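> Sharing work-v5.csv here; it has CSV, C-alpha atoms.
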chain,number,residue,atom,x,y,z
A,1,MET,CA,14.1,-1.7,-12.4
A,2,GLY,CA,13.2,-5.3,-13.0
A,3,ALA,CA,9.6,-6.5,-13.3
A,4,GLY,CA,10.2,-8.9,-10.4
A,5,PHE,CA,11.3,-6.1,-8.1
A,6,VAL,CA,8.2,-4.0,-9.1
A,7,ALA,CA,5.9,-6.9,-8.5
A,8,CYS,CA,7.4,-7.6,-5.0
A,9,LEU,CA,7.2,-3.9,-4.1
A,10,LEU,CA,3.5,-3.8,-5.2
A,11,ALA,CA,2.7,-6.9,-3.2
A,12,LEU,CA,4.5,-5.5,-0.1
A,13,CYS,CA,2.6,-2.2,-0.3
A,14,ALA,CA,-0.7,-4.1,-0.7
A,15,CYS,CA,-0.2,-6.5,2.1
A,16,ALA,CA,1.3,-4.2,4.7
A,17,GLU,CA,-1.4,-2.8,6.9
A,18,THR,CA,-0.5,0.6,8.3
A,19,SER,CA,-1.9,2.5,11.2
A,20,PRO,CA,-4.5,5.1,10.2
A,21,LEU,CA,-3.3,8.7,9.6
A,22,GLY,CA,-5.5,11.4,10.9
A,23,PRO,CA,-8.6,10.8,13.0
A,24,ALA,CA,-9.7,7.3,13.8
A,25,ALA,CA,-13.1,5.9,12.8
A,26,PRO,CA,-15.9,7.1,15.0
A,27,LYS,CA,-16.9,5.0,18.0
A,28,THR,CA,-20.6,5.4,17.0
A,29,ARG,CA,-21.9,5.1,13.5
A,30,GLY,CA,-23.6,8.5,13.3
A,31,ASP,CA,-25.7,9.7,10.5
A,32,PRO,CA,-25.7,8.3,7.0
A,33,VAL,CA,-23.0,9.8,4.7
A,34,VAL,CA,-24.6,11.6,1.8
A,35,PHE,CA,-22.4,11.8,-1.3
A,36,SER,CA,-22.4,12.0,-5.1
A,37,PHE,CA,-19.5,11.7,-7.5
A,38,GLY,CA,-19.4,11.8,-11.3
A,39,THR,CA,-17.7,8.7,-12.8
A,40,THR,CA,-15.3,8.7,-15.6
A,41,GLU,CA,-18.1,7.1,-17.7
A,42,GLY,CA,-20.3,10.2,-17.2
A,43,GLU,CA,-22.7,8.7,-14.7
A,44,LEU,CA,-23.4,9.7,-11.1
A,45,PHE,CA,-22.5,7.4,-8.2
A,46,GLY,CA,-24.2,8.5,-5.0
A,47,SER,CA,-25.4,7.4,-1.7
A,48,ALA,CA,-29.1,7.4,-2.8
A,49,ALA,CA,-28.4,4.4,-5.0
A,50,THR,CA,-26.3,2.5,-2.5
A,51,ARG,CA,-28.7,2.0,0.3
A,52,GLY,CA,-29.5,-1.7,1.1
A,53,ARG,CA,-26.0,-3.0,0.7
A,54,SER,CA,-22.6,-2.2,2.1
A,55,THR,CA,-20.6,0.3,0.1
A,56,ALA,CA,-16.8,0.8,-0.2
A,57,VAL,CA,-15.4,4.1,-1.2
A,58,LEU,CA,-11.7,3.9,-1.9
A,59,PHE,CA,-9.8,7.2,-2.2
A,60,VAL,CA,-6.7,6.9,-4.4
A,61,THR,CA,-4.3,8.7,-6.6
A,62,THR,CA,-3.4,7.2,-10.0
A,63,PHE,CA,0.4,7.3,-9.5
A,64,ASP,CA,0.5,5.6,-6.1
A,65,LEU,CA,1.5,1.9,-6.1
A,66,ALA,CA,-0.4,1.2,-2.8
A,67,SER,CA,-3.5,2.8,-4.3
A,68,GLN,CA,-3.2,0.6,-7.4
A,69,ALA,CA,-2.7,-2.6,-5.3
A,70,GLN,CA,-5.6,-1.7,-3.0
A,71,ALA,CA,-7.9,-1.1,-5.9
A,72,ARG,CA,-7.0,-4.5,-7.3
A,73,PHE,CA,-7.6,-6.3,-4.0
A,74,LEU,CA,-10.9,-4.4,-3.6
A,75,ASN,CA,-11.8,-5.6,-7.1
A,76,GLU,CA,-11.3,-9.2,-6.1
A,77,LEU,CA,-13.3,-8.7,-3.0
A,78,PHE,CA,-16.1,-6.9,-5.0
A,79,LYS,CA,-16.5,-10.1,-7.0
A,80,GLU,CA,-16.2,-12.6,-4.2
A,81,HIS,CA,-18.0,-11.1,-1.2
A,82,GLN,CA,-21.6,-12.1,-0.7
A,83,PRO,CA,-23.8,-10.1,-0.8
A,84,HIS,CA,-21.9,-8.1,-3.4
A,85,PRO,CA,-21.1,-4.6,-2.1
A,86,HIS,CA,-21.3,-1.3,-3.9
A,87,VAL,CA,-17.7,-0.1,-4.7
A,88,LEU,CA,-16.3,3.2,-6.0
A,89,ALA,CA,-12.8,4.5,-6.3
A,90,VAL,CA,-12.4,8.3,-6.0
A,91,VAL,CA,-9.3,9.7,-7.6
A,92,LEU,CA,-8.0,12.7,-5.6
A,93,GLU,CA,-6.6,14.6,-8.6
A,94,PRO,CA,-7.8,17.7,-10.5
A,95,PRO,CA,-10.3,17.4,-13.4
A,96,MET,CA,-7.6,17.7,-16.0
A,97,HIS,CA,-6.4,14.2,-14.9
A,98,ARG,CA,-9.7,12.6,-16.1
A,99,VAL,CA,-7.7,10.6,-18.7
A,100,LEU,CA,-5.5,9.2,-16.0
A,101,ALA,CA,-8.5,8.1,-13.9
A,102,GLU,CA,-9.9,6.4,-17.0
A,103,ALA,CA,-6.5,4.7,-17.6
A,104,PHE,CA,-6.4,3.7,-13.9
A,105,ARG,CA,-9.7,1.8,-14.2
A,106,THR,CA,-8.9,0.2,-17.6
A,107,SER,CA,-5.3,-0.8,-16.9
A,108,LEU,CA,-6.1,-2.3,-13.5
A,109,GLY,CA,-9.1,-4.1,-15.0
A,110,LEU,CA,-11.5,-2.7,-12.3
A,111,ASP,CA,-15.1,-3.9,-12.5
A,112,TYR,CA,-16.4,-1.0,-10.4
A,113,PRO,CA,-16.7,2.7,-11.3
A,114,VAL,CA,-13.9,5.3,-10.9
A,115,ALA,CA,-14.7,8.9,-10.2
A,116,LEU,CA,-12.8,12.1,-9.9
A,117,ALA,CA,-13.0,13.9,-6.6
A,118,ASN,CA,-15.1,17.1,-6.6
A,119,PRO,CA,-13.7,20.4,-5.2
A,120,THR,CA,-15.3,20.0,-1.8
A,121,THR,CA,-13.7,16.5,-1.4
A,122,LEU,CA,-10.3,17.8,-2.6
A,123,SER,CA,-10.5,20.7,0.0
A,124,GLY,CA,-11.4,18.3,2.9
A,125,ASP,CA,-14.9,19.7,3.3
A,126,GLY,CA,-16.7,16.9,1.6
A,127,PRO,CA,-19.0,14.3,3.3
A,128,PHE,CA,-16.0,12.0,4.1
A,129,GLY,CA,-14.0,14.8,5.8
A,130,GLU,CA,-10.3,15.3,5.3
A,131,ILE,CA,-8.5,12.5,3.5
A,132,PHE,CA,-5.0,12.4,5.1
A,133,GLY,CA,-3.3,9.9,2.8
A,134,VAL,CA,-3.9,7.3,0.1
A,135,PRO,CA,-5.2,4.8,-0.2
A,136,THR,CA,-8.1,5.6,2.3
A,137,LEU,CA,-10.8,3.0,2.5
A,138,VAL,CA,-14.3,3.8,3.9
A,139,VAL,CA,-16.9,1.1,4.3
A,140,LEU,CA,-20.5,2.1,4.8
A,141,ASP,CA,-23.3,-0.2,6.1
A,142,ALA,CA,-26.6,-0.8,4.2
A,143,SER,CA,-28.0,2.4,5.8
A,144,GLY,CA,-25.0,4.5,4.6
A,145,ARG,CA,-23.4,4.9,8.1
A,146,MET,CA,-19.6,4.5,8.5
A,147,ALA,CA,-18.6,1.1,9.6
A,148,PHE,CA,-14.9,1.2,8.8
A,149,ARG,CA,-12.2,3.8,7.8
A,150,SER,CA,-8.5,3.2,7.3
A,151,THR,CA,-5.7,5.2,5.7
A,152,GLY,CA,-3.0,3.1,4.2
A,153,ALA,CA,-3.0,-0.3,2.5
A,154,VAL,CA,-5.1,-3.0,4.3
A,155,SER,CA,-5.2,-6.7,3.6
A,156,LYS,CA,-7.9,-8.4,1.6
A,157,GLN,CA,-8.9,-10.2,4.9
A,158,THR,CA,-9.3,-6.9,6.7
A,159,MET,CA,-11.4,-5.5,3.9
A,160,ASP,CA,-13.6,-8.7,3.9
A,161,ALA,CA,-14.0,-8.4,7.7
A,162,ALA,CA,-15.0,-4.7,7.3
A,163,PHE,CA,-17.7,-5.7,4.7
A,164,THR,CA,-18.9,-8.5,7.0
A,165,ALA,CA,-19.2,-6.2,9.9
A,166,ALA,CA,-21.0,-3.6,7.8
A,167,ASP,CA,-23.4,-6.3,6.5
A,168,GLU,CA,-24.1,-7.3,10.2
A,169,GLY,CA,-24.7,-3.7,11.3
A,170,GLN,CA,-21.5,-3.6,13.3
A,171,MET,CA,-18.3,-1.5,13.3
A,172,LEU,CA,-14.9,-2.8,12.7
A,173,PRO,CA,-12.2,-0.8,14.5
A,174,SER,CA,-9.6,0.8,12.2
A,175,PRO,CA,-6.3,-1.2,12.1
Starting from the file, lay out its structure as structure tokens.


Amino acid sequence: MGAGFVACLLALCACAETSPLGPAAPKTRGDPVVFSFGTTEGELFGSAATRGRSTAVLFVTTFDLASQAQARFLNELFKEHQPHPHVLAVVLEPPMHRVLAEAFRTSLGLDYPVALANPTTLSGDGPFGEIFGVPTLVVLDASGRMAFRSTGAVSKQTMDAAFTAADEGQMLPSP
């Protein structure tokens, strides 16, 4: 496979917005989502430290091209959006894939932390519920309430709109 073909495929996966799989985002914001994940760097990233700014949690797998592209687009937005949001990628793979999660962050040049999913998240019983596909992006408002959720690649513009809605205390409907 040529490098040009792979680059085109990656761009196509990243730009194509897909309809969400599984349940749609709730019509009301509900209670704050309480979560905590251990990052590949040995630190905890949790809801207690994210209050006051919007937060994106991106659920990915290391081998999925759409996950890789979404993580890079989110990295660009992480640096550009004002105010800067909190961002975390959660790899939905078993603990033995820690080295792959570390390589995911390093090889993509991500400026935000990457964590491995805990057993409750992998089983679908975690605070974000069942993850039906990757990439899945969840954006929380400054109070930690869900403002946006989408499964499948979304454009950088849609992600920016989700952050803006969260910053303004609104919900953006899932694409």

> One decimal, in Å: what's the spacing between CA of Leu116 (chain A) and CA of Val90 (chain A)?

5.5 Å

> Go through A:Leu77, A:Ala89, A:Ala153, A:Ile131 and flag the residue nearest Phe37 (chain A), using all atoms listed in the file for the distances.

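Counting all atoms listed in the file, the residue closest to Phe37 (chain A) is A:Ala89.
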
> Quick one: everything within 10 Å of Leu110 (chain A), counting all atoms listed in the file, minus sequence neighbours fewer than 4 positions away in the same chain. Send it as a ChimeraX atom specification.

/A:71-76,78,88-89,104-106,114

> Of the candidates A:Ala101, A:Val134, A:Met171, A:Ala69, which shows the shortest atom-to-atom distance to Phe148 (chain A), using only C-alpha atoms?

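Among A:Ala101, A:Val134, A:Met171, A:Ala69, it is A:Met171 that comes nearest to Phe148 (chain A).
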
> So that I can see what lies close to Thr40 (chain A), please list as a ChimeraX atom specification the residues with an atom at most 7 Å from it, counting only C-alpha atoms and leaving out residues fewer than 2 positions away in the same chain.

/A:38,42,98,102,114-115

> Which protein, DNA or RNA residues are at most 9 Å from (-20.8, -5.0, -2.4) in the file's coordinates when you count only C-alpha atoms, listed as a PyMOL selection string?

chain A and resi 53-56+77-79+81-87+163

> By how many Å are CA of Leu122 (chain A) and CA of Pro94 (chain A) apart?

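If I compute the distance from CA of Leu122 (chain A) to CA of Pro94 (chain A), I get 8.3 Å.
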
> Work out how far CA of Ala165 (chain A) is from CA of Leu44 (chain A), in Å to one decimal.

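These two atoms are separated by 26.7 Å.
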
> Leaving out Ser47 (chain A) and any residue of its chain fewer than 6 positions from it, which residues lie within 9 Å of it when counting only C-alpha atoms, given as a PyMOL selection string?

chain A and resi 32-36+55+144

> Residues within 10 Å of (-17.8, 12.0, 6.2), file coordinates, counting only C-alpha atoms: what are they? Give the list as a PDB file with C-alpha atoms, in the frame of the given file.


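Writing done, so here's selection-v2.pdb:
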ATOM      1  CA  GLY A  30     -23.600   8.500  13.300  1.00  0.00           C
ATOM      2  CA  ASP A  31     -25.700   9.700  10.500  1.00  0.00           C
ATOM      3  CA  PRO A  32     -25.700   8.300   7.000  1.00  0.00           C
ATOM      4  CA  VAL A  33     -23.000   9.800   4.700  1.00  0.00           C
ATOM      5  CA  VAL A  34     -24.600  11.600   1.800  1.00  0.00           C
ATOM      6  CA  PHE A  35     -22.400  11.800  -1.300  1.00  0.00           C
ATOM      7  CA  THR A 121     -13.700  16.500  -1.400  1.00  0.00           C
ATOM      8  CA  GLY A 124     -11.400  18.300   2.900  1.00  0.00           C
ATOM      9  CA  ASP A 125     -14.900  19.700   3.300  1.00  0.00           C
ATOM     10  CA  GLY A 126     -16.700  16.900   1.600  1.00  0.00           C
ATOM     11  CA  PRO A 127     -19.000  14.300   3.300  1.00  0.00           C
ATOM     12  CA  PHE A 128     -16.000  12.000   4.100  1.00  0.00           C
ATOM     13  CA  GLY A 129     -14.000  14.800   5.800  1.00  0.00           C
ATOM     14  CA  GLU A 130     -10.300  15.300   5.300  1.00  0.00           C
ATOM     15  CA  ILE A 131      -8.500  12.500   3.500  1.00  0.00           C
ATOM     16  CA  VAL A 138     -14.300   3.800   3.900  1.00  0.00           C
ATOM     17  CA  ARG A 145     -23.400   4.900   8.100  1.00  0.00           C
ATOM     18  CA  MET A 146     -19.600   4.500   8.500  1.00  0.00           C
TER      19      MET A 146
END

> Considering only C-alpha atoms, return as a PyMOL selection string whatever protein or nucleic-acid residues lie within 9 Å of Arg51 (chain A), sequence-local ones (same chain, fewer than 6 positions apart) excluded.

chain A and resi 141-144

> Kindly indicate which residue among A:Glu41, A:Glu80, A:Asp160, A:Asp111 lies nearest to Leu172 (chain A), using only C-alpha atoms for the distances.

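Closest residue, counting only C-alpha atoms: A:Asp160.
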
> Which residue is closest to Val57 (chain A)? Choose from A:Pro113, A:Pro173, A:Pro119, A:Gly152 and count all atoms listed in the file.

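Closest to Val57 (chain A) of all the choices is A:Pro113.
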
> Pick out the closest residue to Ala66 (chain A) from this set: A:Met96, A:Leu137, A:Ala162, A:Ala147. Count only C-alpha atoms.

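The closest residue to Ala66 (chain A) is A:Leu137.
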
> Choose the residue, out of A:Pro95, A:Val154, A:Gln68, A:Gly133, that has the smallest atom-to-atom separation from Ser107 (chain A); count all atoms listed in the file.

A:Gln68
